[in-house]
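Here the structure is laid out as structure tokens; the discussion comes afterwards.
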Amino acid sequence: MSERNEAADFAIDTAFMNLALAQADLAEAAGEVPVGAVVVMDGIVVGAGHNRLITDHDPTAHAEIVALRQASLALRNYRVPRATLYATLEPCAMCAGAMVHARIETLVFATREPRAGVARSRQHFFESAYLNHRVQVREGVCADASASRLQAFFRQRR
């Protein structure tokens, strides 16, 4: 039986979260709220996305949804089992629901969303008894980098 190597896991999580942060930078460059996401399966990025609500005139074009769509197309399957989704911001209810339907194994998010985050802030959605699939959650990877992007973006808007 192998022990979980937390230092190695943290290094891997940090590397993939940095890719999600790069997606967030693309969102900001397009005038969108700087949120990014990547979907990783067996150490390979199978989907990436950033907020595209304004660009696509689509209220569902959150970073997580865009990344899940890309992963599903790449895998030719609406299910993405054994995958980890890295998001720079705690997901909303819509994105959390999509992760359950996609059968994402693990969510790793950077910073909490106190108004609408459902993984930890407003509720513990993934622990709901009525769900037929559980998503494991880790938080706080690159939290400061994500929070500072969001704070700077909104400070500039005001």
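How things are named: the first chain in the structure tokens is A, the next is B, and so on; residues count from 1 in each chain; ligands count from 1 in the order shown.
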Note to self: Show me, as number ranges by chain, the residues that have an atom within 7 Å of Glu64 of chain A when counting only C-alpha atoms, minus same-chain residues fewer than 4 positions from it.
What the structure shows: A: 37, 49, 68, 87, 95
Next item on the list: Please provide as a ChimeraX atom specification all residues within 6 Å of segment 138-153 of chain A, with the sequence filter that same-chain residues fewer than 5 positions apart are discarded (counting only C-alpha atoms).
Entry: /A:88,108-111
Would you save the residues of that selection, restricted to all heavy atoms, as a short mmCIF file (atom, residue, chain, number, x, y, z; two decimals), in the first residue's frame?
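So the final result, stored in again-v1.cif, reads:
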```cif
data_model
loop_
_atom_site.label_atom_id
_atom_site.label_comp_id
_atom_site.auth_asym_id
_atom_site.auth_seq_id
_atom_site.Cartn_x
_atom_site.Cartn_y
_atom_site.Cartn_z
N THR A 88 -9.86 28.42 -10.72
CA THR A 88 -9.25 29.50 -9.96
C THR A 88 -10.20 30.11 -8.94
O THR A 88 -9.77 30.85 -8.06
CB THR A 88 -8.71 30.61 -10.88
OG1 THR A 88 -9.80 31.16 -11.63
CG2 THR A 88 -7.64 30.05 -11.81
N VAL A 108 -10.29 20.90 -7.50
CA VAL A 108 -9.29 21.67 -6.77
C VAL A 108 -9.54 23.13 -7.15
O VAL A 108 -9.48 23.48 -8.32
CB VAL A 108 -7.85 21.27 -7.16
CG1 VAL A 108 -6.83 22.11 -6.39
CG2 VAL A 108 -7.62 19.79 -6.93
N PHE A 109 -9.88 23.94 -6.15
CA PHE A 109 -10.09 25.35 -6.47
C PHE A 109 -9.16 26.22 -5.64
O PHE A 109 -8.72 25.85 -4.56
CB PHE A 109 -11.56 25.77 -6.33
CG PHE A 109 -12.10 25.85 -4.93
CD1 PHE A 109 -12.01 27.03 -4.20
CD2 PHE A 109 -12.73 24.76 -4.35
CE1 PHE A 109 -12.53 27.12 -2.93
CE2 PHE A 109 -13.26 24.83 -3.07
CZ PHE A 109 -13.15 26.02 -2.35
N ALA A 110 -8.88 27.40 -6.19
CA ALA A 110 -7.90 28.29 -5.58
C ALA A 110 -8.50 29.09 -4.43
O ALA A 110 -8.06 28.97 -3.29
CB ALA A 110 -7.31 29.23 -6.63
N THR A 111 -9.49 29.90 -4.74
CA THR A 111 -10.00 30.82 -3.73
C THR A 111 -11.52 30.73 -3.62
O THR A 111 -12.20 30.37 -4.58
CB THR A 111 -9.55 32.28 -4.03
OG1 THR A 111 -9.80 33.10 -2.90
CG2 THR A 111 -10.25 32.85 -5.25
#
```
Margin query: From a backbone DSSP assignment, name each residue in segment 60-150 of chain A labelled strand (DSSP E), as a PyMOL selection string.
Written below: chain A and resi 83-89+106-111+136-139
Could you turn the residues from that selection into a file that holds C-alpha atoms, as a short mmCIF file (atom, residue, chain, number, x, y, z; two decimals), in the first residue's frame?
```cif
data_model
loop_
_atom_site.label_atom_id
_atom_site.label_comp_id
_atom_site.auth_asym_id
_atom_site.auth_seq_id
_atom_site.Cartn_x
_atom_site.Cartn_y
_atom_site.Cartn_z
CA ALA A 83 -10.58 13.56 -13.92
CA THR A 84 -9.61 16.48 -11.76
CA LEU A 85 -10.97 19.92 -12.49
CA TYR A 86 -8.76 22.84 -11.41
CA ALA A 87 -10.59 26.17 -11.08
CA THR A 88 -9.25 29.50 -9.96
CA LEU A 89 -12.50 30.31 -8.14
CA THR A 106 -11.85 15.79 -7.80
CA LEU A 107 -12.27 19.54 -7.76
CA VAL A 108 -9.29 21.67 -6.77
CA PHE A 109 -10.09 25.35 -6.47
CA ALA A 110 -7.90 28.29 -5.58
CA THR A 111 -10.00 30.82 -3.73
CA GLN A 136 -13.80 15.23 -3.71
CA VAL A 137 -12.76 18.82 -2.97
CA ARG A 138 -9.42 20.45 -2.20
CA GLU A 139 -9.04 24.18 -1.85
#
```
Note to self: I need the residues in segment 67-129 of chain A that are alpha helix (DSSP H) according to DSSP; give them as a PyMOL selection string.
What the structure shows: chain A and resi 67-75+93-102
For the contact check between segment 39-100 of chain A and segment 15-28 of chain A, emit one row per residue of segment 39-100 of chain A within 12 Å, containing the shortest atom pair and the distance in Å rounded to one decimal, counting only C-alpha atoms, chain then rising number order, as a tab-separated table.
```
residue	atom	partner	partner_atom	distance
A:Val39	CA	A:Phe16	CA	8.9
A:Val40	CA	A:Phe16	CA	8.1
A:Met41	CA	A:Phe16	CA	11.3
A:Gly43	CA	A:Phe16	CA	9.2
A:Ile44	CA	A:Phe16	CA	9.6
A:Val45	CA	A:Phe16	CA	8.4
A:Val46	CA	A:Phe16	CA	11.8
A:Gly47	CA	A:Ala20	CA	10.4
A:Ala48	CA	A:Gln23	CA	7.4
A:Gly49	CA	A:Gln23	CA	6.2
A:His50	CA	A:Gln23	CA	5.3
A:Asn51	CA	A:Ala27	CA	5.6
A:Arg52	CA	A:Ala27	CA	7.0
A:Leu53	CA	A:Ala27	CA	9.8
A:Ile54	CA	A:Ala27	CA	10.0
A:Thr55	CA	A:Ala27	CA	9.5
A:Asp56	CA	A:Ala27	CA	11.9
A:Ala61	CA	A:Ala27	CA	11.3
A:His62	CA	A:Ala27	CA	10.3
A:Ala63	CA	A:Ala24	CA	8.3
A:Glu64	CA	A:Ala20	CA	10.0
A:Val66	CA	A:Gln23	CA	11.0
A:Ala67	CA	A:Ala20	CA	9.9
A:Thr84	CA	A:Phe16	CA	9.8
A:Leu85	CA	A:Phe16	CA	9.3
A:Tyr86	CA	A:Met17	CA	5.9
A:Ala87	CA	A:Ala20	CA	6.2
A:Thr88	CA	A:Ala20	CA	6.3
A:Leu89	CA	A:Ala24	CA	9.7
```
Resulting file, chosen residues, N, CA and C atoms, as a PDB file, in the first residue's frame:
```pdb
ATOM      1  N   VAL A  39      -9.193  20.772 -17.037  1.00  0.00           N
ATOM      2  CA  VAL A  39      -9.597  19.416 -16.673  1.00  0.00           C
ATOM      3  C   VAL A  39      -8.420  18.505 -16.998  1.00  0.00           C
ATOM      4  N   VAL A  40      -8.016  17.710 -16.006  1.00  0.00           N
ATOM      5  CA  VAL A  40      -6.832  16.866 -16.138  1.00  0.00           C
ATOM      6  C   VAL A  40      -7.221  15.408 -15.900  1.00  0.00           C
ATOM      7  N   MET A  41      -6.773  14.551 -16.804  1.00  0.00           N
ATOM      8  CA  MET A  41      -7.005  13.123 -16.664  1.00  0.00           C
ATOM      9  C   MET A  41      -5.678  12.399 -16.887  1.00  0.00           C
ATOM     10  N   GLY A  43      -2.830  12.915 -15.706  1.00  0.00           N
ATOM     11  CA  GLY A  43      -1.716  13.836 -15.857  1.00  0.00           C
ATOM     12  C   GLY A  43      -1.704  14.634 -17.142  1.00  0.00           C
ATOM     13  N   ILE A  44      -2.763  14.537 -17.941  1.00  0.00           N
ATOM     14  CA  ILE A  44      -2.837  15.234 -19.225  1.00  0.00           C
ATOM     15  C   ILE A  44      -4.025  16.191 -19.201  1.00  0.00           C
ATOM     16  N   VAL A  45      -3.794  17.424 -19.643  1.00  0.00           N
ATOM     17  CA  VAL A  45      -4.885  18.383 -19.752  1.00  0.00           C
ATOM     18  C   VAL A  45      -5.762  17.977 -20.938  1.00  0.00           C
ATOM     19  N   VAL A  46      -7.030  17.687 -20.660  1.00  0.00           N
ATOM     20  CA  VAL A  46      -7.970  17.286 -21.719  1.00  0.00           C
ATOM     21  C   VAL A  46      -8.985  18.385 -22.002  1.00  0.00           C
ATOM     22  N   GLY A  47      -8.993  19.417 -21.194  1.00  0.00           N
ATOM     23  CA  GLY A  47      -9.890  20.543 -21.424  1.00  0.00           C
ATOM     24  C   GLY A  47      -9.396  21.768 -20.693  1.00  0.00           C
ATOM     25  N   ALA A  48      -9.581  22.915 -21.301  1.00  0.00           N
ATOM     26  CA  ALA A  48      -9.186  24.180 -20.678  1.00  0.00           C
ATOM     27  C   ALA A  48     -10.206  25.235 -21.071  1.00  0.00           C
ATOM     28  N   GLY A  49     -10.417  26.178 -20.177  1.00  0.00           N
ATOM     29  CA  GLY A  49     -11.356  27.238 -20.504  1.00  0.00           C
ATOM     30  C   GLY A  49     -11.245  28.401 -19.549  1.00  0.00           C
ATOM     31  N   HIS A  50     -11.816  29.490 -19.980  1.00  0.00           N
ATOM     32  CA  HIS A  50     -11.893  30.690 -19.151  1.00  0.00           C
ATOM     33  C   HIS A  50     -13.260  31.308 -19.364  1.00  0.00           C
ATOM     34  N   ASN A  51     -13.614  32.227 -18.482  1.00  0.00           N
ATOM     35  CA  ASN A  51     -14.902  32.883 -18.604  1.00  0.00           C
ATOM     36  C   ASN A  51     -15.067  33.487 -19.994  1.00  0.00           C
ATOM     37  N   ARG A  52     -16.242  33.238 -20.599  1.00  0.00           N
ATOM     38  CA  ARG A  52     -16.551  33.721 -21.944  1.00  0.00           C
ATOM     39  C   ARG A  52     -17.994  34.223 -22.019  1.00  0.00           C
ATOM     40  N   LEU A  53     -18.563  34.611 -20.904  1.00  0.00           N
ATOM     41  CA  LEU A  53     -19.964  35.018 -20.873  1.00  0.00           C
ATOM     42  C   LEU A  53     -20.241  36.179 -21.825  1.00  0.00           C
ATOM     43  N   ILE A  54     -19.433  37.210 -21.732  1.00  0.00           N
ATOM     44  CA  ILE A  54     -19.616  38.401 -22.556  1.00  0.00           C
ATOM     45  C   ILE A  54     -19.262  38.092 -24.009  1.00  0.00           C
ATOM     46  N   THR A  55     -18.123  37.463 -24.210  1.00  0.00           N
ATOM     47  CA  THR A  55     -17.637  37.141 -25.554  1.00  0.00           C
ATOM     48  C   THR A  55     -18.625  36.281 -26.331  1.00  0.00           C
ATOM     49  N   ASP A  56     -19.174  35.260 -25.668  1.00  0.00           N
ATOM     50  CA  ASP A  56     -20.060  34.320 -26.343  1.00  0.00           C
ATOM     51  C   ASP A  56     -21.544  34.662 -26.204  1.00  0.00           C
ATOM     52  N   ALA A  61     -21.377  30.199 -20.027  1.00  0.00           N
ATOM     53  CA  ALA A  61     -19.976  30.082 -20.457  1.00  0.00           C
ATOM     54  C   ALA A  61     -18.998  30.432 -19.340  1.00  0.00           C
ATOM     55  N   HIS A  62     -19.210  29.823 -18.175  1.00  0.00           N
ATOM     56  CA  HIS A  62     -18.247  29.939 -17.078  1.00  0.00           C
ATOM     57  C   HIS A  62     -17.020  29.102 -17.431  1.00  0.00           C
ATOM     58  N   ALA A  63     -15.888  29.433 -16.831  1.00  0.00           N
ATOM     59  CA  ALA A  63     -14.638  28.738 -17.124  1.00  0.00           C
ATOM     60  C   ALA A  63     -14.770  27.223 -16.980  1.00  0.00           C
ATOM     61  N   GLU A  64     -15.427  26.768 -15.903  1.00  0.00           N
ATOM     62  CA  GLU A  64     -15.554  25.338 -15.654  1.00  0.00           C
ATOM     63  C   GLU A  64     -16.379  24.651 -16.746  1.00  0.00           C
ATOM     64  N   VAL A  66     -16.842  25.718 -19.868  1.00  0.00           N
ATOM     65  CA  VAL A  66     -16.057  25.741 -21.108  1.00  0.00           C
ATOM     66  C   VAL A  66     -15.016  24.620 -21.090  1.00  0.00           C
ATOM     67  N   ALA A  67     -14.328  24.446 -19.961  1.00  0.00           N
ATOM     68  CA  ALA A  67     -13.313  23.388 -19.841  1.00  0.00           C
ATOM     69  C   ALA A  67     -13.951  22.001 -19.913  1.00  0.00           C
ATOM     70  N   THR A  84      -9.658  15.407 -12.734  1.00  0.00           N
ATOM     71  CA  THR A  84      -9.607  16.483 -11.759  1.00  0.00           C
ATOM     72  C   THR A  84      -9.850  17.787 -12.488  1.00  0.00           C
ATOM     73  N   LEU A  85     -10.718  18.603 -11.931  1.00  0.00           N
ATOM     74  CA  LEU A  85     -10.966  19.925 -12.491  1.00  0.00           C
ATOM     75  C   LEU A  85     -10.305  20.949 -11.568  1.00  0.00           C
ATOM     76  N   TYR A  86      -9.435  21.764 -12.133  1.00  0.00           N
ATOM     77  CA  TYR A  86      -8.760  22.843 -11.411  1.00  0.00           C
ATOM     78  C   TYR A  86      -9.439  24.143 -11.801  1.00  0.00           C
ATOM     79  N   ALA A  87      -9.920  24.894 -10.825  1.00  0.00           N
ATOM     80  CA  ALA A  87     -10.589  26.166 -11.079  1.00  0.00           C
ATOM     81  C   ALA A  87      -9.990  27.236 -10.179  1.00  0.00           C
ATOM     82  N   THR A  88      -9.858  28.424 -10.724  1.00  0.00           N
ATOM     83  CA  THR A  88      -9.249  29.499  -9.956  1.00  0.00           C
ATOM     84  C   THR A  88     -10.204  30.111  -8.940  1.00  0.00           C
ATOM     85  N   LEU A  89     -11.501  29.777  -9.059  1.00  0.00           N
ATOM     86  CA  LEU A  89     -12.502  30.306  -8.142  1.00  0.00           C
ATOM     87  C   LEU A  89     -13.475  29.192  -7.777  1.00  0.00           C
TER      88      LEU A  89
END
```
Next item on the list: Find the spatial neighbours of Gly117 of chain A, counting only C-alpha atoms, within a cut-off of 10 Å - ignore same-chain residues fewer than 5 positions away - and output them as a PyMOL selection string.
Entry: chain A and resi 89-93+95-96+111-112+122-125
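Atom pair atom CA of Ala8 of chain A / atom CA of Val38 of chain A has a distance of 19.0 Å (rounded to one decimal).
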Check: Between A:Arg69, A:Phe154, A:Thr60, A:Asp42, which one has atoms that come closest to Ile12 of chain A, using only C-alpha atoms?
Finding: A:Asp42
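One finds atom CA of Ile104 of chain A at 5.8 Å from atom CA of Val80 of chain A.
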Checklist line | Length of the atom CA of Asn5 of chain A to atom CA of Glu105 of chain A vector [Å] | finding: 18.5 Å
Margin query: Using only C-alpha atoms, which protein or nucleic acid residues come within 12 Å of Asn132 of chain A? Drop anything in the same chain fewer than 5 positions from it, and give the result as a list in words.
Written below: Gly97, Met99, Val100, His101, Ala102, Arg103, Phe126 and Glu127 of chain A
